[in-house]
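Structure data follow from final_25.cif (mmCIF, C-alpha atoms):
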```
data_entry
#
loop_
_atom_site.label_atom_id
_atom_site.label_comp_id
_atom_site.auth_asym_id
_atom_site.auth_seq_id
_atom_site.Cartn_x
_atom_site.Cartn_y
_atom_site.Cartn_z
CA MET A 1 0.00 0.00 0.00
CA SER A 2 2.97 2.31 0.52
CA ASP A 3 3.48 2.31 -3.25
CA LEU A 4 -0.07 3.52 -3.74
CA ILE A 5 0.35 6.24 -1.12
CA HIS A 6 3.48 7.50 -2.84
CA ALA A 7 1.78 7.30 -6.24
CA GLU A 8 -1.29 9.18 -4.98
CA TRP A 9 0.87 11.94 -3.56
CA PHE A 10 3.02 12.06 -6.72
CA ILE A 11 -0.04 12.44 -8.96
CA LEU A 12 -1.47 15.15 -6.73
CA LYS A 13 1.84 17.00 -6.54
CA LYS A 14 2.41 16.85 -10.29
CA SER A 15 -1.14 17.91 -11.09
CA GLY A 16 -0.40 21.46 -9.98
CA SER A 17 -3.96 22.75 -10.12
CA ASP A 18 -5.40 19.96 -7.96
CA LEU A 19 -2.80 20.47 -5.25
CA LYS A 20 -3.37 24.23 -5.24
CA PHE A 21 -7.12 23.63 -5.16
CA ILE A 22 -7.04 21.53 -2.01
CA VAL A 23 -4.33 23.63 -0.29
CA TYR A 24 -6.07 26.95 -0.89
CA GLY A 25 -9.47 25.39 -0.18
CA CYS A 26 -8.38 24.05 3.21
CA ILE A 27 -6.68 27.32 4.19
CA LEU A 28 -9.71 29.41 3.24
CA SER A 29 -11.94 26.94 5.07
CA VAL A 30 -10.05 27.69 8.29
CA PHE A 31 -11.47 31.21 8.16
CA PHE A 32 -14.91 30.05 6.98
CA SER A 33 -14.99 27.85 10.08
CA TYR A 34 -14.84 30.90 12.33
CA ILE A 35 -17.38 33.05 10.51
CA ASP A 36 -20.60 33.17 12.50
CA GLY A 37 -22.08 36.29 11.00
CA ILE A 38 -18.68 37.97 11.41
CA LEU A 39 -15.16 36.58 11.72
CA GLN A 40 -14.55 35.79 15.40
CA PHE A 41 -11.83 33.47 16.64
CA ASN A 42 -13.68 31.84 19.52
CA ARG A 43 -15.37 28.57 20.33
CA HIS A 44 -18.89 29.85 19.79
CA SER A 45 -18.13 30.83 16.19
CA LEU A 46 -16.29 27.57 15.51
CA ALA A 47 -19.14 25.49 16.95
CA ASN A 48 -21.63 27.20 14.65
CA ALA A 49 -19.52 27.35 11.49
CA ALA A 50 -17.09 24.39 11.62
CA ILE A 51 -19.40 22.15 9.60
CA MET A 52 -19.07 24.53 6.66
CA GLY A 53 -15.29 24.15 6.67
CA ILE A 54 -15.55 20.38 7.05
CA ILE A 55 -17.96 20.08 4.13
CA ILE A 56 -15.82 22.26 1.86
CA CYS A 57 -12.65 20.27 2.56
CA SER A 58 -14.45 16.94 2.14
CA MET A 59 -16.04 17.95 -1.15
CA ILE A 60 -12.74 19.20 -2.58
CA ALA A 61 -11.07 15.86 -1.79
CA ALA A 62 -14.01 14.00 -3.33
CA LEU A 63 -13.90 16.12 -6.51
CA ILE A 64 -10.17 15.61 -7.00
CA THR A 65 -10.54 11.86 -6.49
CA GLY A 66 -13.43 11.71 -8.93
CA LYS A 67 -11.42 13.59 -11.55
CA HIS A 68 -8.97 10.66 -11.67
CA PHE A 69 -11.79 8.41 -12.82
CA ARG A 70 -12.80 10.90 -15.50
CA THR A 71 -9.23 10.98 -16.84
CA ARG A 72 -8.99 7.18 -16.44
CA THR A 73 -5.82 7.35 -14.32
CA ALA A 74 -7.58 5.77 -11.34
CA TYR A 75 -8.16 2.57 -13.30
CA TYR A 76 -4.44 1.83 -13.49
CA GLU A 77 -4.55 0.93 -9.79
CA ILE A 78 -7.20 -1.68 -10.53
CA MET A 79 -5.37 -3.04 -13.56
CA ASP A 80 -2.15 -3.32 -11.54
CA GLY A 81 -3.91 -5.78 -9.25
CA TYR A 82 -4.00 -3.78 -6.02
CA SER A 83 -6.64 -4.85 -3.50
CA PRO A 84 -9.69 -2.66 -2.91
CA HIS A 85 -8.57 -2.09 0.69
CA ALA A 86 -5.18 -0.80 -0.45
CA ILE A 87 -6.69 1.50 -3.09
CA ILE A 88 -9.29 2.99 -0.76
CA LEU A 89 -7.01 3.35 2.25
CA SER A 90 -4.25 5.00 0.23
CA LYS A 91 -6.61 7.76 -0.87
CA LEU A 92 -8.05 8.17 2.62
CA ILE A 93 -4.55 8.45 4.10
CA VAL A 94 -3.19 10.96 1.57
CA PHE A 95 -6.18 13.30 1.47
CA GLY A 96 -6.89 12.82 5.17
CA ALA A 97 -3.35 13.84 6.07
CA ILE A 98 -3.65 16.97 3.91
CA ILE A 99 -6.98 18.05 5.39
CA ILE A 100 -5.93 17.38 8.97
CA THR A 101 -2.67 19.29 8.45
CA LEU A 102 -4.09 22.27 6.57
CA TRP A 103 -7.53 22.59 8.19
CA TYR A 104 -7.87 20.74 11.48
CA LEU A 105 -4.51 21.64 13.01
CA PRO A 106 -4.75 25.41 12.25
CA VAL A 107 -8.36 25.50 13.48
CA SER A 108 -7.33 23.71 16.67
CA VAL A 109 -4.31 25.94 17.35
CA ILE A 110 -6.40 29.08 16.83
CA LEU A 111 -9.03 27.84 19.27
CA LEU A 112 -6.53 26.76 21.92
CA VAL A 113 -4.73 30.12 21.73
CA SER A 114 -7.79 32.36 21.57
CA ASP A 115 -10.41 30.44 23.57
CA GLY A 116 -8.85 27.25 24.89
CA GLY A 117 -10.31 27.03 28.36
CA GLY A 118 -12.58 24.39 29.85
CA ASP A 119 -13.09 21.23 27.83
CA ALA A 120 -11.66 22.63 24.58
CA PRO A 121 -9.50 19.48 24.02
CA LEU A 122 -12.63 17.28 24.25
CA PHE A 123 -14.46 19.62 21.87
CA LEU A 124 -11.59 19.38 19.40
CA LEU A 125 -11.66 15.58 19.63
CA MET A 126 -15.36 15.61 18.72
CA LEU A 127 -14.51 17.98 15.88
CA LEU A 128 -11.86 15.57 14.59
CA LEU A 129 -14.27 12.62 14.61
CA THR A 130 -16.84 14.68 12.71
CA LEU A 131 -14.23 15.78 10.17
CA ILE A 132 -13.13 12.20 9.54
CA LYS A 133 -16.75 11.06 9.25
CA TYR A 134 -17.64 13.65 6.60
CA PHE A 135 -14.36 13.11 4.78
CA VAL A 136 -14.92 9.34 4.62
CA ILE A 137 -18.50 9.90 3.43
CA GLY A 138 -17.39 12.27 0.66
CA LEU A 139 -14.51 10.16 -0.60
CA SER A 140 -16.51 6.93 -0.34
CA CYS A 141 -19.34 8.41 -2.42
CA THR A 142 -16.86 9.15 -5.20
CA LEU A 143 -15.19 5.73 -4.96
CA PHE A 144 -18.58 4.02 -4.84
CA LEU A 145 -19.67 5.58 -8.15
CA LYS A 146 -16.10 5.79 -9.56
CA ALA A 147 -16.94 9.28 -10.82
CA ASP A 148 -16.86 12.88 -9.68
CA ALA A 149 -20.65 12.71 -9.79
CA GLY A 150 -20.35 10.90 -6.47
CA ILE A 151 -20.17 14.27 -4.79
CA ALA A 152 -23.89 14.62 -5.52
CA LEU A 153 -24.55 11.83 -3.03
CA MET A 154 -23.25 14.10 -0.28
CA MET A 155 -25.95 16.68 -0.86
CA PRO A 156 -28.87 14.71 0.67
CA ARG A 157 -26.66 14.06 3.71
CA ILE A 158 -25.91 17.77 4.08
CA MET A 159 -29.56 18.71 3.54
CA LEU A 160 -30.57 16.19 6.20
CA GLU A 161 -28.35 18.01 8.71
CA ALA A 162 -30.01 21.35 7.92
CA LEU A 163 -33.47 19.80 8.01
CA ALA A 164 -32.81 18.29 11.44
CA VAL A 165 -31.87 21.71 12.81
CA ALA A 166 -34.99 23.32 11.32
CA LEU A 167 -37.31 20.59 12.62
CA ALA A 168 -35.75 20.70 16.08
CA ASP A 169 -36.23 24.47 16.23
CA THR A 170 -39.93 24.05 15.41
CA GLN A 171 -40.19 21.07 17.79
CA VAL A 172 -41.35 18.77 14.99
CA ILE A 173 -38.71 16.27 16.09
CA SER A 174 -37.44 15.77 19.62
CA GLU A 175 -34.18 17.25 20.86
CA SER A 176 -32.81 13.74 21.52
CA THR A 177 -33.37 12.82 17.86
CA ALA A 178 -31.75 16.03 16.61
CA GLU A 179 -28.71 15.31 18.75
CA TRP A 180 -27.66 12.59 16.29
CA PHE A 181 -26.92 15.24 13.64
CA ALA A 182 -23.65 17.16 13.57
CA LEU A 183 -25.15 20.62 13.11
CA CYS A 184 -27.26 20.16 16.21
CA GLN A 185 -24.39 18.54 18.11
CA PHE A 186 -22.03 21.45 17.55
CA GLY A 187 -24.72 23.98 18.29
CA MET A 188 -24.96 22.40 21.74
CA MET A 189 -21.18 22.39 22.23
CA SER A 190 -20.55 26.12 21.91
CA GLU A 191 -19.73 26.39 25.63
CA THR A 192 -19.37 22.86 27.01
CA VAL A 193 -19.60 19.33 25.64
CA PRO A 194 -22.77 17.73 27.08
CA SER A 195 -22.16 14.15 28.20
CA PRO A 196 -25.11 12.67 26.21
CA ILE A 197 -23.63 14.06 22.97
CA ILE A 198 -20.32 12.19 23.20
CA PRO A 199 -21.59 8.59 22.63
CA LYS A 200 -23.84 9.80 19.80
CA ILE A 201 -20.90 11.41 18.01
CA ILE A 202 -18.78 8.29 18.48
CA ILE A 203 -21.55 5.91 17.37
CA GLY A 204 -22.37 8.07 14.34
CA PHE A 205 -18.68 8.15 13.44
CA ILE A 206 -18.31 4.37 13.64
CA VAL A 207 -21.58 3.49 11.86
CA GLU A 208 -21.38 5.97 8.98
CA CYS A 209 -17.68 5.44 8.29
CA THR A 210 -18.18 1.66 8.32
CA VAL A 211 -21.21 1.72 6.01
CA MET A 212 -19.61 4.10 3.52
CA TYR A 213 -16.31 2.21 3.49
CA ILE A 214 -18.15 -1.06 2.83
CA LEU A 215 -20.03 0.51 -0.09
CA ALA A 216 -16.77 1.77 -1.62
CA TYR A 217 -15.11 -1.59 -1.04
CA MET A 218 -17.98 -3.56 -2.57
CA SER A 219 -18.01 -1.27 -5.60
CA TYR A 220 -14.37 -2.18 -6.26
CA LYS A 221 -14.68 -5.83 -5.26
CA LYS A 222 -17.79 -6.53 -7.32
CA LYS A 223 -16.68 -4.21 -10.15
CA TRP A 224 -19.88 -2.19 -10.00
CA ASN A 225 -20.25 0.25 -12.87
CA ILE A 226 -22.80 2.92 -11.96
CA ASN A 227 -22.98 5.55 -14.70
CA ILE A 228 -24.02 8.89 -13.25
CA HIS A 229 -22.85 12.22 -14.66
CA LEU A 230 -23.21 15.72 -13.19
CA PHE A 231 -22.97 17.39 -16.59
#
```
For this file, produce the structure as structure tokens.
Amino acid sequence: MSDLIHAEWFILKKSGSDLKFIVYGCILSVFFSYIDGILQFNRHSLANAAIMGIIICSMIAALITGKHFRTRTAYYEIMDGYSPHAIILSKLIVFGAIIITLWYLPVSVILLVSDGGGDAPLFLLMLLLTLIKYFVIGLSCTLFLKADAGIALMMPRIMLEALAVALADTQVISESTAEWFALCQFGMMSETVPSPIIPKIIIGFIVECTVMYILAYMSYKKKWNINIHLF
């Protein structure tokens, strides 16, 4: 798998535009993650806006991965006989390392310096799990369809988050149900991390990452060919 990791990084580095896209996108997303009406470097702003940064970073990684299928370069990994696990994990490792380095670490340092009291480390751990969950969802959607159109599968998931917040505000669904969705979870963590939220974040992380990884794996293993195009 190390060969695939090196190859993935080499392709990204030599692409020029793709590398700039994800680097600039992650850096800009650091600031988007602190904009709650206005730019404020504090926990309250991050709790309300972090999902935006997470979604942007995840979608950029998914788009770049999908582009490799459009240009056919991604199929060389399959033809070379690499296992589905190796192919999927190599992409998760490379893009995950970039996003964690360029988005999560700066966001965390800013928070710890500007508003790092209380249970900020626990909050940042919950943020990391949510980042990984969305990132795995985005990349797995692309690998499942083997096309950049896979990013479209993220949209219902994002809309579901927004819908849960709206329904909870109007009391159409209970607060305990809304607590399973990241937007609601972070809205409740702007000052402290409520104990009931922690297991729900962890369970959601495990379940969604597992399901999406299995779908991506089965798509490679069974050689599924799902033709969906955005344009």
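Minimum distance to Met188 of chain A across A:Val136, A:Glu175, A:Val207, A:Leu145 (counting all atoms listed in the file) occurs at A:Glu175.
Proximity of A:Ser45, A:Ser2, A:Ser15, A:Ser58 to Ile132 of chain A, computed with all atoms listed in the file, is greatest for A:Ser58.
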So that I can see what lies close to segment 95-101 of chain A, please list as a tab-separated table (two decimals) with C-alpha atoms, keeping the file's coordinate frame the residues with an atom at most 7 Å from it, counting only C-alpha atoms and leaving out residues fewer than 2 positions away in the same chain.
```
chain	number	residue	atom	x	y	z
A	26	CYS	CA	-8.38	24.05	3.21
A	57	CYS	CA	-12.65	20.27	2.56
A	61	ALA	CA	-11.07	15.86	-1.79
A	91	LYS	CA	-6.61	7.76	-0.87
A	92	LEU	CA	-8.05	8.17	2.62
A	93	ILE	CA	-4.55	8.45	4.10
A	103	TRP	CA	-7.53	22.59	8.19
A	104	TYR	CA	-7.87	20.74	11.48
A	105	LEU	CA	-4.51	21.64	13.01
```
Just so the selection is clear, what residues does the PyMOL selection byres ((chain A and resi 119) around 12) cover here, as an MDAnalysis selection string?
-> chainID A and resid 43 111:112 115:118 120:126 189:195
Explicit residues for the PyMOL selection byres ((chain A and resi 90) around 9) (as a PyMOL selection string) | chain A and resi 1-6+8+85-89+91-95
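Neighbours of Glu179 of chain A closer than or equal to 12 Å, with all atoms listed in the file counted and sequence neighbours fewer than 6 positions away skipped, come out as Glu161, Ala164, Val165, Leu167, Ala168, Ile173, Gln185, Phe186, Gly187, Met188, Met189, Pro194, Ser195, Pro196, Ile197, Ile198, Pro199, Lys200, Ile201, Ile203 and Gly204 of chain A.
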As JSON: centre and edge lengths in Å, one decimal, of the axis-aligned box holding segment 182-195 of chain A with 4 Å per side:
```
{"center_x": -23.3, "center_y": 20.3, "center_z": 20.7, "size_x": 15.9, "size_y": 20.2, "size_z": 23.1}
```
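A straight line drawn from atom CA of Tyr34 of chain A to atom CA of Leu46 of chain A is 4.8 Å long.
Considering the residues A:Ala162, A:Met154, A:Ala216, A:Ile110 and counting all atoms listed in the file, Cys184 of chain A has its shortest atom-to-atom contact with A:Ala162.
Reported to one decimal place, the separation of atom CA of Leu139 of chain A from atom CA of Ile27 of chain A is 19.5 Å.
Computed from the coordinates, the atom CA of Ala50 of chain A to atom CA of Ser33 of chain A distance equals 4.3 Å.
In this comparison, which uses all atoms listed in the file, the residue of A:Ser108, A:Ser29, A:Thr130, A:Thr65 approaching Ala49 of chain A most closely is A:Ser29.
Comparing the minimum interatomic distances between Phe32 of chain A and each of A:Ala149, A:Met52, A:Ile11, A:Ala62, counting all atoms listed in the file, we find that A:Met52 sits nearest.
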The PyMOL selection byres ((chain A and resi 151) around 12) applied to the shown file, residues as a PyMOL selection string | chain A and resi 55-56+58-67+134-150+152-158+228-230
Take the residues just selected and output them with C-alpha atoms as an mmCIF file, in the frame of the given file.
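File again_23.cif, as written:
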```
data_model
loop_
_atom_site.group_PDB
_atom_site.id
_atom_site.type_symbol
_atom_site.label_atom_id
_atom_site.label_comp_id
_atom_site.auth_asym_id
_atom_site.auth_seq_id
_atom_site.Cartn_x
_atom_site.Cartn_y
_atom_site.Cartn_z
ATOM 1 C CA ILE A 55 -17.960 20.080 4.130
ATOM 2 C CA ILE A 56 -15.820 22.260 1.860
ATOM 3 C CA SER A 58 -14.450 16.940 2.140
ATOM 4 C CA MET A 59 -16.040 17.950 -1.150
ATOM 5 C CA ILE A 60 -12.740 19.200 -2.580
ATOM 6 C CA ALA A 61 -11.070 15.860 -1.790
ATOM 7 C CA ALA A 62 -14.010 14.000 -3.330
ATOM 8 C CA LEU A 63 -13.900 16.120 -6.510
ATOM 9 C CA ILE A 64 -10.170 15.610 -7.000
ATOM 10 C CA THR A 65 -10.540 11.860 -6.490
ATOM 11 C CA GLY A 66 -13.430 11.710 -8.930
ATOM 12 C CA LYS A 67 -11.420 13.590 -11.550
ATOM 13 C CA TYR A 134 -17.640 13.650 6.600
ATOM 14 C CA PHE A 135 -14.360 13.110 4.780
ATOM 15 C CA VAL A 136 -14.920 9.340 4.620
ATOM 16 C CA ILE A 137 -18.500 9.900 3.430
ATOM 17 C CA GLY A 138 -17.390 12.270 0.660
ATOM 18 C CA LEU A 139 -14.510 10.160 -0.600
ATOM 19 C CA SER A 140 -16.510 6.930 -0.340
ATOM 20 C CA CYS A 141 -19.340 8.410 -2.420
ATOM 21 C CA THR A 142 -16.860 9.150 -5.200
ATOM 22 C CA LEU A 143 -15.190 5.730 -4.960
ATOM 23 C CA PHE A 144 -18.580 4.020 -4.840
ATOM 24 C CA LEU A 145 -19.670 5.580 -8.150
ATOM 25 C CA LYS A 146 -16.100 5.790 -9.560
ATOM 26 C CA ALA A 147 -16.940 9.280 -10.820
ATOM 27 C CA ASP A 148 -16.860 12.880 -9.680
ATOM 28 C CA ALA A 149 -20.650 12.710 -9.790
ATOM 29 C CA GLY A 150 -20.350 10.900 -6.470
ATOM 30 C CA ALA A 152 -23.890 14.620 -5.520
ATOM 31 C CA LEU A 153 -24.550 11.830 -3.030
ATOM 32 C CA MET A 154 -23.250 14.100 -0.280
ATOM 33 C CA MET A 155 -25.950 16.680 -0.860
ATOM 34 C CA PRO A 156 -28.870 14.710 0.670
ATOM 35 C CA ARG A 157 -26.660 14.060 3.710
ATOM 36 C CA ILE A 158 -25.910 17.770 4.080
ATOM 37 C CA ILE A 228 -24.020 8.890 -13.250
ATOM 38 C CA HIS A 229 -22.850 12.220 -14.660
ATOM 39 C CA LEU A 230 -23.210 15.720 -13.190
#
```
For Cys209 of chain A, the closest of A:Leu129, A:Leu160, A:Leu102, A:Ala182 counting all atoms listed in the file is A:Leu129
